[in-house]
Amino acid sequence: MRMSKLLMPTLREVPAEAEITSHKLMLRAGLIKKLAAGIYSYLPLGLRTLKKVEQIVREEMDNAGAQELIMSALLPAEAYQASGRWEVFGPSMFKLKDRNDRDFCLGPTHEELFTQTVIDCVRSYKEYPMTLYQIQNKYRDEGRPRFGIIRSREFVMKDAYSFDLTEEGLDESYKKMYEAYCRIFTRLGLDFTIVDADSGAMGGSGSQEFMVKSPVGEDGIAYCDGCGYAANYEKAECIPQAAESVEGDFDIEKIHTPNVHTIEELVEFMGAKAYNFAKTIIYKADDKYVAAMVRGDREVNEVKLKNLVGCIDDLELAEPFMVRQITNAEVGFAGPVGLDIPIYVDKEVEMMKNFIVGANETDMHYKNVNINKDFTPTVVADIRVIEEGDVCPKCGKKIKTAQGIEVGHIFKLGTKYSDALGLKYLDEDGKSKTVIMGCYGIGVTRCLAAAIEQNNDENGIIWPVSIAPYQAMVIPVNSKVEEQVKTAEKIYEELKAQGIEVLLDDRNERAGVKFKDADLIGIPVRIVVGKKCGEGIVEYKERRSDASEEKTIENAIDSVVEFVKSNI
RNA sequence: CGGGAUGUAGCGCAGUUUGGUAGCGCAUCUGGUUUGGGACCAGAGGGCCGCAGGUUCGAAUCCUGUCAUCCCGACCA
């Protein structure tokens, strides 16, 4: 491709809307263009990379025995109404009506439709097991789209669904997808971590996420270098850690703590440590109210609590007026003593002695509180968020924490959708049984952003060869020097002939502009044709490296071809 | 959905406090000089100051409303 004809609006300055590296670079390199919040056009360079990512995903899915099909993004409401998700999705589903006032939506995910397709198309149990997938646009009206294409309202997703007759079959299908995902993310040049994830309200028996570690990631992950354990914060099991307590036999005592609401204020006021307190937080779980207690220096893990309480729909902090009604006090003074709702207590609280809690009375706390003596927990369980410094639940070494971008998720669904929609089969004995499903997603567009997050420097993107929009670039330094131009043309044609995807910077720009753009758009390898081209010498440079080498024209071409072939 | 901020040329911004002809840098176009890391000189084009009302002789500027975008948090099947 000749760059004089390429639509590549590179920017010198960073558009004000971008905050994170990948978003800035995608805008500056002319990969994408924003149309509205969370909605982007893909310009030629961005689209080429997107298609390469899609192709890698496609190849590995096909290799794993999955079959590609594609569904409409515009979907009738019935299947979603049947599964109950028409309501569950709520405002995050783009809903619309046709001219006859029938309900439609833009597909946010396609469990229902794939299930329905299998119901409609599969006739005999002999056709199973089967895994189907598509690579297609998804639509979610996110409350808060952000970070460019990391969380957008229209995005490309690969979604796959497996259909098995037995649990063992599901395990096998799941394993194939797991392995395919490892190959995919490796080929994409991503440094990824596989973490245990919460299966939550979706039910199902197992779930793992593929995370790309990055400070801009929206998920917290806990991992152990010792044994390789890794889990999403939501899921990571916490081993209770003993903290120093006030020893001795004391009686509960009410103390006046005016205008002391937060743990920080309490620490200040009482001169005790945060771990001498237990905080009591009132939650609304669906229609009922519960209290959760964790040590003062810990956080409640709402996912664990939600699962424990058996909350189906929604777990959120109780409204302040309900907190007042339940505790008879202003917010900030809730405590377990005399509380009339179920109390879920973290295991660590059970280890504490003579601790401090709210007194369910404004401006009052209790000290010297002891569990089972002063109050009785409804349930004692692990309900806190894991932290740096916790110990690994598998091997006992120190846990580390990081932020991660979720690029893939695999999930043993079980029979949730096959039950809801009636996906059954007659087995060899003529008995009716339910098909067991798994679902497997990859955020294809998000992978692009993740790849840039992991592969860049102060000058721009450093594409892995496998997904670079073009693999190589030829730059004549001075467009007025006919010898350089002709030599560059020759190299360009020769590289094309050898099957390399190559850009020729034939623009009438100064050398500096060409170099800056080359770095910014991150083409993995380039040949610079300069002053020594009369002697048959050109410059070979890899984007990843600072150094460049002088080579003969033939050697430079060979080096580019070899570099590309060996890195793809 | 709660909190905060911002809307002025393709991009980055000033001007708003204190109302008085719409500005700067980059980019674009023309001519010239340049040509190995975002050149220089001269000239030119480009704006419903987010939108709608209001106050005023006069509004980018003050008031009201509204829309949009971004950030923090909640939510994320």
# chains A, B, ... in the order shown; residues from 1 in each chain; ligands from 1
>>> residues_around(residues="A:Tyr417", least_positions_apart="6", cutoff="8 Å", atoms="only C-alpha atoms (C1' of nucleotides)", output="list in words")
Ser83, Glu111, Glu112, Thr115, Leu423 and Met437 of chain A
>>> write_last_selection(atoms="C-alpha atoms", output="mmCIF file, in the first residue's frame")
data_model
loop_
_atom_site.group_PDB
_atom_site.id
_atom_site.type_symbol
_atom_site.label_atom_id
_atom_site.label_comp_id
_atom_site.auth_asym_id
_atom_site.auth_seq_id
_atom_site.Cartn_x
_atom_site.Cartn_y
_atom_site.Cartn_z
ATOM 1 C CA SER A 83 -35.439 -16.850 29.418
ATOM 2 C CA GLU A 111 -27.303 -17.850 24.573
ATOM 3 C CA GLU A 112 -31.017 -17.891 23.845
ATOM 4 C CA THR A 115 -30.167 -22.627 22.118
ATOM 5 C CA LEU A 423 -33.619 -28.013 24.569
ATOM 6 C CA MET A 437 -24.323 -26.239 27.670
#
>>> residues_around(residues="A:Ala64", least_positions_apart="3", cutoff="7 Å", atoms="only C-alpha atoms (C1' of nucleotides)", output="PyMOL selection string")
chain A and resi 60-61+176+180
>>> residues_around(residues="A:Ile39", least_positions_apart="3", cutoff="8 Å", atoms="only C-alpha atoms (C1' of nucleotides)", output="PyMOL selection string")
chain A and resi 34-36+152-154
>>> write_last_selection(atoms="C-alpha atoms", output="mmCIF file, in the first residue's frame")
data_model
loop_
_atom_site.group_PDB
_atom_site.id
_atom_site.type_symbol
_atom_site.label_atom_id
_atom_site.label_comp_id
_atom_site.auth_asym_id
_atom_site.auth_seq_id
_atom_site.Cartn_x
_atom_site.Cartn_y
_atom_site.Cartn_z
ATOM 1 C CA LYS A 34 -15.382 8.170 17.734
ATOM 2 C CA LEU A 35 -18.988 8.619 16.586
ATOM 3 C CA ALA A 36 -20.667 8.792 20.008
ATOM 4 C CA SER A 152 -17.858 0.271 24.338
ATOM 5 C CA ARG A 153 -21.513 -0.023 23.447
ATOM 6 C CA GLU A 154 -20.929 -1.738 20.131
#
>>> interface_residues(of="chain A", to="chain B", cutoff="7 Å", atoms="only C-alpha atoms (C1' of nucleotides)", output="mmCIF file with N, CA and C atoms, in the first residue's frame")
data_model
loop_
_atom_site.group_PDB
_atom_site.id
_atom_site.type_symbol
_atom_site.label_atom_id
_atom_site.label_comp_id
_atom_site.auth_asym_id
_atom_site.auth_seq_id
_atom_site.Cartn_x
_atom_site.Cartn_y
_atom_site.Cartn_z
ATOM 1 N N LEU A 11 -2.454 11.935 14.463
ATOM 2 C CA LEU A 11 -2.565 13.189 15.197
ATOM 3 C C LEU A 11 -1.295 13.446 15.990
ATOM 4 N N GLU A 13 -1.250 15.715 18.441
ATOM 5 C CA GLU A 13 -1.677 15.943 19.823
ATOM 6 C C GLU A 13 -2.749 14.939 20.219
ATOM 7 N N PRO A 15 -6.154 13.759 21.529
ATOM 8 C CA PRO A 15 -7.503 14.271 21.753
ATOM 9 C C PRO A 15 -7.834 14.259 23.244
ATOM 10 N N GLU A 17 -10.343 13.621 24.898
ATOM 11 C CA GLU A 17 -11.255 12.612 25.433
ATOM 12 C C GLU A 17 -10.527 11.361 25.919
ATOM 13 N N PHE A 89 -31.814 -7.788 31.725
ATOM 14 C CA PHE A 89 -30.856 -6.854 31.110
ATOM 15 C C PHE A 89 -31.233 -5.409 31.383
ATOM 16 N N VAL A 477 14.071 8.282 2.365
ATOM 17 C CA VAL A 477 14.261 9.428 3.246
ATOM 18 C C VAL A 477 13.902 10.740 2.548
ATOM 19 N N ASN A 478 14.365 10.890 1.318
ATOM 20 C CA ASN A 478 14.146 12.144 0.601
ATOM 21 C C ASN A 478 13.411 11.876 -0.702
ATOM 22 N N ARG A 510 9.022 15.295 4.969
ATOM 23 C CA ARG A 510 10.395 15.243 5.459
ATOM 24 C C ARG A 510 10.606 13.940 6.232
ATOM 25 N N ALA A 511 11.877 13.576 6.356
ATOM 26 C CA ALA A 511 12.208 12.293 6.982
ATOM 27 C C ALA A 511 11.610 12.178 8.379
ATOM 28 N N GLY A 512 11.696 13.265 9.147
ATOM 29 C CA GLY A 512 11.233 13.228 10.536
ATOM 30 C C GLY A 512 9.772 12.847 10.631
ATOM 31 N N VAL A 513 8.967 13.417 9.761
ATOM 32 C CA VAL A 513 7.538 13.121 9.767
ATOM 33 C C VAL A 513 7.305 11.631 9.486
ATOM 34 N N PHE A 515 9.373 9.112 9.950
ATOM 35 C CA PHE A 515 9.833 8.276 11.067
ATOM 36 C C PHE A 515 8.849 8.319 12.229
ATOM 37 N N LYS A 516 8.366 9.523 12.539
ATOM 38 C CA LYS A 516 7.417 9.663 13.646
ATOM 39 C C LYS A 516 6.148 8.846 13.384
#
>>> select_by_dssp(residues="stretch 299-395 of chain A", states="alpha helix (DSSP H)", output="PyMOL selection string")
chain A and resi 302-309+320-327+347-350
>>> residues_around(residues="A:Pro44", least_positions_apart="2", cutoff="7 Å", atoms="only C-alpha atoms (C1' of nucleotides)", output="CSV table (one decimal) with C-alpha atoms, in the first residue's frame")
chain,number,residue,atom,x,y,z
A,7,LEU,CA,-6.5,7.1,4.9
A,31,LEU,CA,-7.0,3.4,13.9
A,42,TYR,CA,-12.6,1.5,12.4
A,46,GLY,CA,-7.6,-0.3,12.7
A,47,LEU,CA,-9.8,-2.5,10.6
A,48,ARG,CA,-6.8,-4.5,9.2
>>> closest_residue(among="A:Lys5, A:Phe269, A:Lys24, A:Leu426", to="A:Lys126", atoms="only C-alpha atoms")
A:Leu426
>>> closest_residue(among="A:Met71, A:Val444, A:Tyr425, A:Arg12", to="A:Val122", atoms="only C-alpha atoms")
A:Tyr425
>>> atom_distance(atom1="atom CA of A:Ser566", atom2="atom CA of A:Gly408")
26.5 Å
>>> closest_residue(among="B:G3, B:G73, B:G20, B:G15", to="B:A59", atoms="only C-alpha atoms (C1' of nucleotides)")
B:G20
>>> residues_around(residues="B:G50", least_positions_apart="3", cutoff="10 Å", atoms="only C-alpha atoms (C1' of nucleotides)", output="list in words")
G7, U8, C67 and A68 of chain B
>>> closest_residue(among="A:Ala197, A:Ala274, A:Cys395, A:Ile70", to="A:Tyr229", atoms="only C-alpha atoms")
A:Cys395
>>> select_by_dssp(residues="stretch 286-445 of chain A", states="strand (DSSP E or B)", output="number ranges by chain")
A: 288-295, 300, 315-317, 343-346, 355-358, 364-369, 371, 375, 379-381, 384, 391, 398, 400-414, 424-426, 432-434, 436-443
>>> residues_around(residues="A:Ala451", least_positions_apart="3", cutoff="8 Å", atoms="only C-alpha atoms (C1' of nucleotides)", output="number ranges by chain")
A: 188-190, 447-448, 454-455, 463
>>> atom_distance(atom1="atom CA of A:Ser72", atom2="atom CA of A:Pro108")
11.4 Å
